[in-house]
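Chemist: Just so it is clear, I am handing over entry.cif, which has mmCIF, N, CA and C atoms.
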```cif
data_structure
loop_
_atom_site.label_atom_id
_atom_site.label_comp_id
_atom_site.auth_asym_id
_atom_site.auth_seq_id
_atom_site.Cartn_x
_atom_site.Cartn_y
_atom_site.Cartn_z
N MET A 1 0.84 -1.18 0.00
CA MET A 1 0.00 0.00 0.00
C MET A 1 0.88 1.24 0.00
N ALA A 2 0.64 2.13 -0.93
CA ALA A 2 1.41 3.37 -1.01
C ALA A 2 0.92 4.35 0.03
N ILE A 3 1.86 5.04 0.60
CA ILE A 3 1.51 6.05 1.59
C ILE A 3 1.97 7.39 1.06
N GLU A 4 1.06 8.32 0.98
CA GLU A 4 1.41 9.64 0.50
C GLU A 4 2.16 10.37 1.60
N GLY A 5 3.18 11.10 1.22
CA GLY A 5 3.98 11.84 2.19
C GLY A 5 3.20 13.00 2.78
N ALA A 6 3.92 13.83 3.51
CA ALA A 6 3.30 14.98 4.16
C ALA A 6 2.76 15.95 3.11
N ALA A 7 1.56 16.40 3.32
CA ALA A 7 0.92 17.33 2.40
C ALA A 7 1.44 18.74 2.68
N ILE A 8 2.29 19.27 1.80
CA ILE A 8 2.91 20.56 2.08
C ILE A 8 2.35 21.68 1.22
N THR A 9 1.67 21.36 0.14
CA THR A 9 1.07 22.40 -0.68
C THR A 9 -0.42 22.47 -0.39
N PRO A 10 -1.04 23.60 -0.65
CA PRO A 10 -2.49 23.69 -0.42
C PRO A 10 -3.28 22.66 -1.23
N ALA A 11 -2.84 22.39 -2.45
CA ALA A 11 -3.54 21.38 -3.27
C ALA A 11 -3.41 20.00 -2.65
N ALA A 12 -2.22 19.68 -2.14
CA ALA A 12 -2.01 18.37 -1.51
C ALA A 12 -2.82 18.25 -0.22
N ARG A 13 -2.92 19.34 0.53
CA ARG A 13 -3.73 19.32 1.76
C ARG A 13 -5.20 19.09 1.44
N ALA A 14 -5.68 19.76 0.40
CA ALA A 14 -7.09 19.60 0.01
C ALA A 14 -7.34 18.17 -0.46
N ARG A 15 -6.42 17.63 -1.26
CA ARG A 15 -6.55 16.24 -1.73
C ARG A 15 -6.56 15.28 -0.53
N ARG A 16 -5.67 15.53 0.43
CA ARG A 16 -5.59 14.67 1.61
C ARG A 16 -6.88 14.72 2.42
N LYS A 17 -7.48 15.92 2.56
CA LYS A 17 -8.75 16.05 3.29
C LYS A 17 -9.86 15.25 2.61
N LEU A 18 -9.91 15.32 1.29
CA LEU A 18 -10.93 14.58 0.56
C LEU A 18 -10.73 13.07 0.70
N VAL A 19 -9.51 12.61 0.54
CA VAL A 19 -9.22 11.19 0.65
C VAL A 19 -9.53 10.71 2.07
N ASP A 20 -9.13 11.48 3.07
CA ASP A 20 -9.42 11.10 4.46
C ASP A 20 -10.92 11.01 4.71
N HIS A 21 -11.68 11.95 4.14
CA HIS A 21 -13.14 11.95 4.33
C HIS A 21 -13.76 10.69 3.73
N PHE A 22 -13.38 10.36 2.51
CA PHE A 22 -13.95 9.19 1.86
C PHE A 22 -13.54 7.90 2.57
N CYS A 23 -12.29 7.84 3.04
CA CYS A 23 -11.84 6.65 3.78
C CYS A 23 -12.57 6.54 5.12
N ALA A 24 -12.76 7.65 5.80
CA ALA A 24 -13.46 7.64 7.09
C ALA A 24 -14.91 7.18 6.92
N GLN A 25 -15.51 7.54 5.81
CA GLN A 25 -16.89 7.12 5.53
C GLN A 25 -16.95 5.73 4.89
N HIS A 26 -15.80 5.13 4.69
CA HIS A 26 -15.64 3.82 4.04
C HIS A 26 -16.31 3.80 2.66
N ALA A 27 -16.18 4.91 1.95
CA ALA A 27 -16.72 5.01 0.59
C ALA A 27 -15.62 4.68 -0.40
N ILE A 28 -15.21 3.38 -0.41
CA ILE A 28 -14.08 2.99 -1.24
C ILE A 28 -14.45 1.89 -2.24
N THR A 29 -15.72 1.60 -2.37
CA THR A 29 -16.19 0.66 -3.39
C THR A 29 -17.46 1.24 -4.02
N PRO A 30 -17.83 0.76 -5.20
CA PRO A 30 -19.06 1.25 -5.82
C PRO A 30 -20.31 0.93 -4.99
N TYR A 31 -20.19 -0.02 -4.09
CA TYR A 31 -21.33 -0.40 -3.25
C TYR A 31 -21.45 0.44 -1.98
N ASP A 32 -20.42 1.23 -1.70
CA ASP A 32 -20.39 2.04 -0.48
C ASP A 32 -20.30 3.53 -0.80
N THR A 33 -21.09 3.98 -1.74
CA THR A 33 -21.05 5.39 -2.13
C THR A 33 -21.64 6.27 -1.03
N ILE A 34 -21.24 7.54 -1.07
CA ILE A 34 -21.81 8.51 -0.13
C ILE A 34 -22.35 9.70 -0.92
N LEU A 35 -23.37 10.31 -0.37
CA LEU A 35 -23.88 11.54 -0.94
C LEU A 35 -22.92 12.64 -0.53
N TYR A 36 -22.32 13.33 -1.49
CA TYR A 36 -21.27 14.29 -1.16
C TYR A 36 -21.33 15.51 -2.05
N THR A 37 -21.23 16.65 -1.43
CA THR A 37 -21.06 17.92 -2.12
C THR A 37 -19.85 18.59 -1.49
N PRO A 38 -18.79 18.83 -2.26
CA PRO A 38 -17.58 19.38 -1.65
C PRO A 38 -17.76 20.83 -1.21
N PRO A 39 -17.14 21.20 -0.08
CA PRO A 39 -17.16 22.60 0.33
C PRO A 39 -16.39 23.44 -0.70
N ALA A 40 -16.61 24.72 -0.70
CA ALA A 40 -16.01 25.61 -1.71
C ALA A 40 -14.50 25.51 -1.74
N GLU A 41 -13.85 25.40 -0.56
CA GLU A 41 -12.38 25.37 -0.54
C GLU A 41 -11.80 24.06 -1.07
N LEU A 42 -12.62 23.02 -1.15
CA LEU A 42 -12.15 21.73 -1.66
C LEU A 42 -12.67 21.42 -3.07
N LYS A 43 -13.45 22.32 -3.64
CA LYS A 43 -14.10 22.08 -4.93
C LYS A 43 -13.09 21.82 -6.04
N ALA A 44 -12.03 22.61 -6.12
CA ALA A 44 -11.04 22.44 -7.19
C ALA A 44 -10.33 21.09 -7.07
N ALA A 45 -9.94 20.72 -5.86
CA ALA A 45 -9.27 19.43 -5.65
C ALA A 45 -10.23 18.28 -5.94
N PHE A 46 -11.48 18.43 -5.54
CA PHE A 46 -12.49 17.40 -5.81
C PHE A 46 -12.68 17.21 -7.32
N ASP A 47 -12.80 18.31 -8.04
CA ASP A 47 -12.97 18.24 -9.49
C ASP A 47 -11.76 17.59 -10.17
N LYS A 48 -10.57 17.88 -9.66
CA LYS A 48 -9.37 17.27 -10.23
C LYS A 48 -9.34 15.76 -9.98
N LEU A 49 -9.67 15.35 -8.75
CA LEU A 49 -9.71 13.92 -8.44
C LEU A 49 -10.79 13.22 -9.27
N LEU A 50 -11.89 13.90 -9.50
CA LEU A 50 -12.97 13.36 -10.32
C LEU A 50 -12.52 13.22 -11.78
N ALA A 51 -11.82 14.22 -12.29
CA ALA A 51 -11.32 14.18 -13.67
C ALA A 51 -10.27 13.08 -13.84
N GLU A 52 -9.47 12.84 -12.81
CA GLU A 52 -8.45 11.79 -12.87
C GLU A 52 -9.05 10.41 -12.61
N ARG A 53 -10.34 10.36 -12.35
CA ARG A 53 -11.08 9.13 -12.05
C ARG A 53 -10.57 8.43 -10.79
N LEU A 54 -10.10 9.23 -9.85
CA LEU A 54 -9.72 8.69 -8.55
C LEU A 54 -10.93 8.69 -7.62
N ILE A 55 -11.80 9.66 -7.82
CA ILE A 55 -13.12 9.66 -7.19
C ILE A 55 -14.10 9.37 -8.31
N ARG A 56 -14.99 8.43 -8.08
CA ARG A 56 -15.94 8.01 -9.10
C ARG A 56 -17.35 8.43 -8.70
N LYS A 57 -18.16 8.72 -9.69
CA LYS A 57 -19.54 9.13 -9.46
C LYS A 57 -20.47 7.98 -9.81
N GLU A 58 -21.41 7.72 -8.92
CA GLU A 58 -22.45 6.71 -9.14
C GLU A 58 -23.78 7.40 -8.89
N GLY A 59 -24.58 7.52 -9.90
CA GLY A 59 -25.87 8.18 -9.73
C GLY A 59 -25.70 9.68 -9.62
N HIS A 60 -26.68 10.33 -9.00
CA HIS A 60 -26.66 11.77 -8.86
C HIS A 60 -26.06 12.16 -7.51
N ALA A 61 -24.86 12.70 -7.52
CA ALA A 61 -24.15 13.21 -6.34
C ALA A 61 -23.72 12.13 -5.35
N TYR A 62 -23.65 10.89 -5.79
CA TYR A 62 -23.11 9.81 -4.96
C TYR A 62 -21.72 9.48 -5.48
N TYR A 63 -20.75 9.46 -4.58
CA TYR A 63 -19.36 9.29 -4.98
C TYR A 63 -18.66 8.23 -4.12
N TRP A 64 -17.56 7.72 -4.66
CA TRP A 64 -16.70 6.81 -3.90
C TRP A 64 -15.27 6.99 -4.37
N LEU A 65 -14.32 6.67 -3.50
CA LEU A 65 -12.90 6.79 -3.78
C LEU A 65 -12.39 5.46 -4.32
N ASP A 66 -11.82 5.49 -5.50
CA ASP A 66 -11.21 4.29 -6.08
C ASP A 66 -9.82 4.17 -5.45
N LEU A 67 -9.73 3.42 -4.37
CA LEU A 67 -8.52 3.35 -3.57
C LEU A 67 -7.35 2.76 -4.36
N ARG A 68 -7.61 1.77 -5.19
CA ARG A 68 -6.53 1.19 -6.00
C ARG A 68 -5.96 2.21 -6.97
N ALA A 69 -6.83 2.95 -7.63
CA ALA A 69 -6.37 3.97 -8.58
C ALA A 69 -5.63 5.09 -7.83
N TYR A 70 -6.13 5.45 -6.65
CA TYR A 70 -5.47 6.49 -5.86
C TYR A 70 -4.06 6.05 -5.45
N GLU A 71 -3.92 4.81 -4.98
CA GLU A 71 -2.61 4.31 -4.57
C GLU A 71 -1.66 4.24 -5.76
N ALA A 72 -2.16 3.87 -6.94
CA ALA A 72 -1.33 3.82 -8.14
C ALA A 72 -0.87 5.24 -8.52
N ALA A 73 -1.75 6.22 -8.37
CA ALA A 73 -1.39 7.61 -8.67
C ALA A 73 -0.32 8.12 -7.71
N VAL A 74 -0.44 7.75 -6.42
CA VAL A 74 0.56 8.16 -5.43
C VAL A 74 1.91 7.54 -5.78
N GLU A 75 1.92 6.25 -6.12
CA GLU A 75 3.18 5.59 -6.49
C GLU A 75 3.79 6.22 -7.73
N GLN A 76 2.96 6.58 -8.69
CA GLN A 76 3.48 7.21 -9.91
C GLN A 76 4.10 8.57 -9.59
N ARG A 77 3.45 9.36 -8.73
CA ARG A 77 4.01 10.65 -8.31
C ARG A 77 5.35 10.46 -7.62
N GLN A 78 5.43 9.44 -6.75
CA GLN A 78 6.68 9.19 -6.03
C GLN A 78 7.78 8.74 -6.99
N ARG A 79 7.44 7.92 -7.99
CA ARG A 79 8.43 7.47 -8.96
C ARG A 79 8.97 8.64 -9.77
N LYS A 80 8.15 9.62 -10.05
CA LYS A 80 8.60 10.79 -10.80
C LYS A 80 9.58 11.62 -9.98
N LEU A 81 9.48 11.59 -8.66
CA LEU A 81 10.34 12.39 -7.81
C LEU A 81 11.71 11.75 -7.55
N VAL A 82 11.85 10.47 -7.79
CA VAL A 82 13.12 9.79 -7.51
C VAL A 82 14.28 10.39 -8.30
N PRO A 83 14.19 10.58 -9.62
CA PRO A 83 15.33 11.17 -10.34
C PRO A 83 15.64 12.59 -9.87
N VAL A 84 14.63 13.35 -9.52
CA VAL A 84 14.85 14.71 -9.03
C VAL A 84 15.60 14.67 -7.71
N THR A 85 15.21 13.78 -6.83
CA THR A 85 15.87 13.65 -5.54
C THR A 85 17.32 13.23 -5.71
N ILE A 86 17.58 12.30 -6.61
CA ILE A 86 18.95 11.86 -6.86
C ILE A 86 19.79 13.01 -7.42
N ALA A 87 19.23 13.76 -8.36
CA ALA A 87 19.96 14.88 -8.95
C ALA A 87 20.30 15.94 -7.91
N VAL A 88 19.35 16.24 -7.05
CA VAL A 88 19.60 17.24 -5.99
C VAL A 88 20.67 16.74 -5.02
N ALA A 89 20.62 15.46 -4.67
CA ALA A 89 21.63 14.90 -3.77
C ALA A 89 23.02 14.95 -4.39
N VAL A 90 23.14 14.61 -5.66
CA VAL A 90 24.44 14.67 -6.34
C VAL A 90 24.93 16.11 -6.42
N LEU A 91 24.05 17.03 -6.75
CA LEU A 91 24.42 18.44 -6.82
C LEU A 91 24.90 18.95 -5.47
N LEU A 92 24.21 18.59 -4.41
CA LEU A 92 24.65 19.01 -3.07
C LEU A 92 26.00 18.40 -2.71
N ALA A 93 26.23 17.15 -3.12
CA ALA A 93 27.53 16.51 -2.85
C ALA A 93 28.65 17.23 -3.59
N VAL A 94 28.41 17.59 -4.85
CA VAL A 94 29.41 18.30 -5.64
C VAL A 94 29.70 19.66 -5.02
N VAL A 95 28.66 20.38 -4.64
CA VAL A 95 28.85 21.69 -3.99
C VAL A 95 29.62 21.56 -2.69
N ALA A 96 29.31 20.55 -1.91
CA ALA A 96 30.04 20.33 -0.65
C ALA A 96 31.49 20.01 -0.91
N MET A 97 31.77 19.18 -1.93
CA MET A 97 33.16 18.84 -2.25
C MET A 97 33.93 20.08 -2.72
N LEU A 98 33.31 20.91 -3.54
CA LEU A 98 33.97 22.11 -4.01
C LEU A 98 34.20 23.11 -2.88
N PHE A 99 33.27 23.20 -1.98
CA PHE A 99 33.37 24.14 -0.86
C PHE A 99 34.49 23.73 0.09
N TYR A 100 34.59 22.44 0.39
CA TYR A 100 35.60 21.98 1.35
C TYR A 100 36.96 21.72 0.70
N ALA A 101 37.03 21.60 -0.64
CA ALA A 101 38.30 21.34 -1.31
C ALA A 101 39.12 22.62 -1.45
N GLY A 102 38.45 23.75 -1.41
CA GLY A 102 39.17 25.02 -1.66
C GLY A 102 39.72 25.64 -0.49
#
```
Translate this file's structure into structure tokens.
Modeler:
Amino acid sequence: MAIEGAAITPAARARRKLVDHFCAQHAITPYDTILYTPPAELKAAFDKLLAERLIRKEGHAYYWLDLRAYEAAVEQRQRKLVPVTIAVAVLLAVVAMLFYAG
């Protein structure tokens, strides 16, 4: 099971609130939908999750979180960050070597 890291951006915090809400309501299968209308501050994040098909709609205003798709999206985001993290680490090592070599 993928675990999303700390939510540090406003968009990540909003996404985390929505995911937590659906998990707390156990709305994670098509058989466990909940009637949901997102608050104004979460509307953009909700619409994005809906467009990515991480939150699915069943009927009129009944939704559920596709937990498998959400976990796959989290893993994909984490995989994209690995090369960036390696590059930053190498750059910091080079800077440290140049700083202490002189």
Chemist: Residues of chain A classed as strand (DSSP E) by DSSP on the backbone are to be reported as JSON, numbers by chain.
Modeler: {"A": [34, 35, 55, 56, 57, 62, 63, 64, 65]}
Chemist: Where does the PyMOL selection byres (((chain A and resi 57 and name CA) around 12) and name CA) land in this file, that is, which residues does it pick, as a ChimeraX atom specification?
Modeler: /A:27-37,46-47,49-56,58-66
Chemist: Pull the helix (DSSP H, G or I) assignments for region 2-98 of chain A out of DSSP run on the backbone, and list those residues as a PyMOL selection string.
Modeler: chain A and resi 10-24+40-51+67-98
Chemist: Suppose you want the space between CA of Val74 (chain A) and CA of Leu18 (chain A); what is it in Å?
Modeler: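 For CA of Val74 (chain A) relative to CA of Leu18 (chain A), the distance reads 14.5 Å.
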Chemist: Just the number, please: distance in Å from CA of Ala69 (chain A) to CA of Asp20 (chain A), one decimal.
Modeler: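 The value is 15.2 Å.
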Chemist: What does the structure give for the distance between atom N of Val88 (chain A) and atom C of Tyr100 (chain A), in Å to one decimal?
Modeler: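 Interatomic distance here is 20.0 Å.
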Chemist: Tell me, as an MDAnalysis selection string, which residues lie within 8 Å of Ala14 (chain A), counting only C-alpha atoms; anything in the same chain fewer than 2 positions away does not count.
Modeler: chainID A and resid 10:12 16:18 41:42 45
Chemist: Keeping all heavy atoms, write region 51-62 of chain A of the structure just shown out as a PDB file, in the first residue's frame.
Modeler:
```pdb
ATOM      1  N   ALA A  51     -11.818  14.220 -12.287  1.00  0.00           N
ATOM      2  CA  ALA A  51     -11.320  14.177 -13.666  1.00  0.00           C
ATOM      3  C   ALA A  51     -10.269  13.083 -13.844  1.00  0.00           C
ATOM      4  O   ALA A  51     -10.199  12.457 -14.905  1.00  0.00           O
ATOM      5  CB  ALA A  51     -10.744  15.532 -14.054  1.00  0.00           C
ATOM      6  N   GLU A  52      -9.472  12.841 -12.809  1.00  0.00           N
ATOM      7  CA  GLU A  52      -8.449  11.792 -12.869  1.00  0.00           C
ATOM      8  C   GLU A  52      -9.053  10.408 -12.612  1.00  0.00           C
ATOM      9  O   GLU A  52      -8.335   9.413 -12.613  1.00  0.00           O
ATOM     10  CB  GLU A  52      -7.349  12.061 -11.841  1.00  0.00           C
ATOM     11  CG  GLU A  52      -6.520  13.285 -12.136  1.00  0.00           C
ATOM     12  CD  GLU A  52      -5.540  13.602 -11.018  1.00  0.00           C
ATOM     13  OE1 GLU A  52      -5.429  12.812 -10.046  1.00  0.00           O
ATOM     14  OE2 GLU A  52      -4.888  14.645 -11.114  1.00  0.00           O
ATOM     15  N   ARG A  53     -10.341  10.362 -12.353  1.00  0.00           N
ATOM     16  CA  ARG A  53     -11.082   9.126 -12.052  1.00  0.00           C
ATOM     17  C   ARG A  53     -10.575   8.429 -10.791  1.00  0.00           C
ATOM     18  O   ARG A  53     -10.603   7.220 -10.674  1.00  0.00           O
ATOM     19  CB  ARG A  53     -11.096   8.183 -13.249  1.00  0.00           C
ATOM     20  CG  ARG A  53     -11.812   8.792 -14.457  1.00  0.00           C
ATOM     21  CD  ARG A  53     -12.064   7.860 -15.586  1.00  0.00           C
ATOM     22  NE  ARG A  53     -12.639   6.574 -15.257  1.00  0.00           N
ATOM     23  CZ  ARG A  53     -13.937   6.325 -15.086  1.00  0.00           C
ATOM     24  NH1 ARG A  53     -14.807   7.298 -15.178  1.00  0.00           N
ATOM     25  NH2 ARG A  53     -14.358   5.105 -14.821  1.00  0.00           N
ATOM     26  N   LEU A  54     -10.096   9.229  -9.848  1.00  0.00           N
ATOM     27  CA  LEU A  54      -9.716   8.690  -8.550  1.00  0.00           C
ATOM     28  C   LEU A  54     -10.925   8.692  -7.622  1.00  0.00           C
ATOM     29  O   LEU A  54     -11.032   7.851  -6.743  1.00  0.00           O
ATOM     30  CB  LEU A  54      -8.566   9.501  -7.950  1.00  0.00           C
ATOM     31  CG  LEU A  54      -7.301   9.533  -8.814  1.00  0.00           C
ATOM     32  CD1 LEU A  54      -6.236  10.390  -8.163  1.00  0.00           C
ATOM     33  CD2 LEU A  54      -6.792   8.142  -9.103  1.00  0.00           C
ATOM     34  N   ILE A  55     -11.802   9.658  -7.822  1.00  0.00           N
ATOM     35  CA  ILE A  55     -13.115   9.658  -7.189  1.00  0.00           C
ATOM     36  C   ILE A  55     -14.104   9.371  -8.308  1.00  0.00           C
ATOM     37  O   ILE A  55     -14.048   9.988  -9.369  1.00  0.00           O
ATOM     38  CB  ILE A  55     -13.430  10.996  -6.497  1.00  0.00           C
ATOM     39  CG1 ILE A  55     -12.530  11.171  -5.279  1.00  0.00           C
ATOM     40  CG2 ILE A  55     -14.902  11.068  -6.104  1.00  0.00           C
ATOM     41  CD1 ILE A  55     -12.760  12.454  -4.506  1.00  0.00           C
ATOM     42  N   ARG A  56     -14.986   8.431  -8.077  1.00  0.00           N
ATOM     43  CA  ARG A  56     -15.944   8.010  -9.105  1.00  0.00           C
ATOM     44  C   ARG A  56     -17.352   8.427  -8.699  1.00  0.00           C
ATOM     45  O   ARG A  56     -17.684   8.455  -7.521  1.00  0.00           O
ATOM     46  CB  ARG A  56     -15.907   6.493  -9.276  1.00  0.00           C
ATOM     47  CG  ARG A  56     -14.545   5.908  -9.545  1.00  0.00           C
ATOM     48  CD  ARG A  56     -14.167   6.079 -11.011  1.00  0.00           C
ATOM     49  NE  ARG A  56     -12.880   5.481 -11.290  1.00  0.00           N
ATOM     50  CZ  ARG A  56     -12.719   4.343 -11.934  1.00  0.00           C
ATOM     51  NH1 ARG A  56     -13.756   3.654 -12.346  1.00  0.00           N
ATOM     52  NH2 ARG A  56     -11.504   3.885 -12.161  1.00  0.00           N
ATOM     53  N   LYS A  57     -18.157   8.720  -9.691  1.00  0.00           N
ATOM     54  CA  LYS A  57     -19.540   9.131  -9.456  1.00  0.00           C
ATOM     55  C   LYS A  57     -20.473   7.979  -9.806  1.00  0.00           C
ATOM     56  O   LYS A  57     -20.337   7.338 -10.838  1.00  0.00           O
ATOM     57  CB  LYS A  57     -19.876  10.343 -10.319  1.00  0.00           C
ATOM     58  CG  LYS A  57     -21.241  10.908 -10.085  1.00  0.00           C
ATOM     59  CD  LYS A  57     -21.448  12.171 -10.889  1.00  0.00           C
ATOM     60  CE  LYS A  57     -22.818  12.748 -10.581  1.00  0.00           C
ATOM     61  NZ  LYS A  57     -23.054  13.987 -11.314  1.00  0.00           N
ATOM     62  N   GLU A  58     -21.409   7.723  -8.919  1.00  0.00           N
ATOM     63  CA  GLU A  58     -22.447   6.712  -9.140  1.00  0.00           C
ATOM     64  C   GLU A  58     -23.785   7.397  -8.892  1.00  0.00           C
ATOM     65  O   GLU A  58     -24.070   7.819  -7.786  1.00  0.00           O
ATOM     66  CB  GLU A  58     -22.292   5.532  -8.174  1.00  0.00           C
ATOM     67  CG  GLU A  58     -21.000   4.774  -8.286  1.00  0.00           C
ATOM     68  CD  GLU A  58     -20.884   3.966  -9.568  1.00  0.00           C
ATOM     69  OE1 GLU A  58     -21.922   3.536 -10.112  1.00  0.00           O
ATOM     70  OE2 GLU A  58     -19.747   3.787 -10.018  1.00  0.00           O
ATOM     71  N   GLY A  59     -24.576   7.524  -9.898  1.00  0.00           N
ATOM     72  CA  GLY A  59     -25.869   8.179  -9.732  1.00  0.00           C
ATOM     73  C   GLY A  59     -25.702   9.685  -9.618  1.00  0.00           C
ATOM     74  O   GLY A  59     -24.714  10.262 -10.062  1.00  0.00           O
ATOM     75  N   HIS A  60     -26.681  10.326  -8.996  1.00  0.00           N
ATOM     76  CA  HIS A  60     -26.663  11.773  -8.861  1.00  0.00           C
ATOM     77  C   HIS A  60     -26.061  12.164  -7.513  1.00  0.00           C
ATOM     78  O   HIS A  60     -26.673  11.943  -6.471  1.00  0.00           O
ATOM     79  CB  HIS A  60     -28.084  12.342  -8.989  1.00  0.00           C
ATOM     80  CG  HIS A  60     -28.127  13.828  -8.854  1.00  0.00           C
ATOM     81  ND1 HIS A  60     -27.603  14.649  -9.815  1.00  0.00           N
ATOM     82  CD2 HIS A  60     -28.603  14.616  -7.873  1.00  0.00           C
ATOM     83  CE1 HIS A  60     -27.770  15.906  -9.419  1.00  0.00           C
ATOM     84  NE2 HIS A  60     -28.386  15.899  -8.248  1.00  0.00           N
ATOM     85  N   ALA A  61     -24.860  12.702  -7.520  1.00  0.00           N
ATOM     86  CA  ALA A  61     -24.150  13.214  -6.336  1.00  0.00           C
ATOM     87  C   ALA A  61     -23.716  12.125  -5.350  1.00  0.00           C
ATOM     88  O   ALA A  61     -23.458  12.413  -4.195  1.00  0.00           O
ATOM     89  CB  ALA A  61     -24.963  14.281  -5.630  1.00  0.00           C
ATOM     90  N   TYR A  62     -23.646  10.894  -5.795  1.00  0.00           N
ATOM     91  CA  TYR A  62     -23.110   9.813  -4.964  1.00  0.00           C
ATOM     92  C   TYR A  62     -21.715   9.475  -5.480  1.00  0.00           C
ATOM     93  O   TYR A  62     -21.540   9.233  -6.683  1.00  0.00           O
ATOM     94  CB  TYR A  62     -24.001   8.573  -5.007  1.00  0.00           C
ATOM     95  CG  TYR A  62     -25.234   8.720  -4.163  1.00  0.00           C
ATOM     96  CD1 TYR A  62     -26.402   9.250  -4.688  1.00  0.00           C
ATOM     97  CD2 TYR A  62     -25.224   8.355  -2.825  1.00  0.00           C
ATOM     98  CE1 TYR A  62     -27.536   9.401  -3.913  1.00  0.00           C
ATOM     99  CE2 TYR A  62     -26.357   8.499  -2.037  1.00  0.00           C
ATOM    100  CZ  TYR A  62     -27.502   9.022  -2.592  1.00  0.00           C
ATOM    101  OH  TYR A  62     -28.617   9.171  -1.810  1.00  0.00           O
TER     102      TYR A  62
END
```
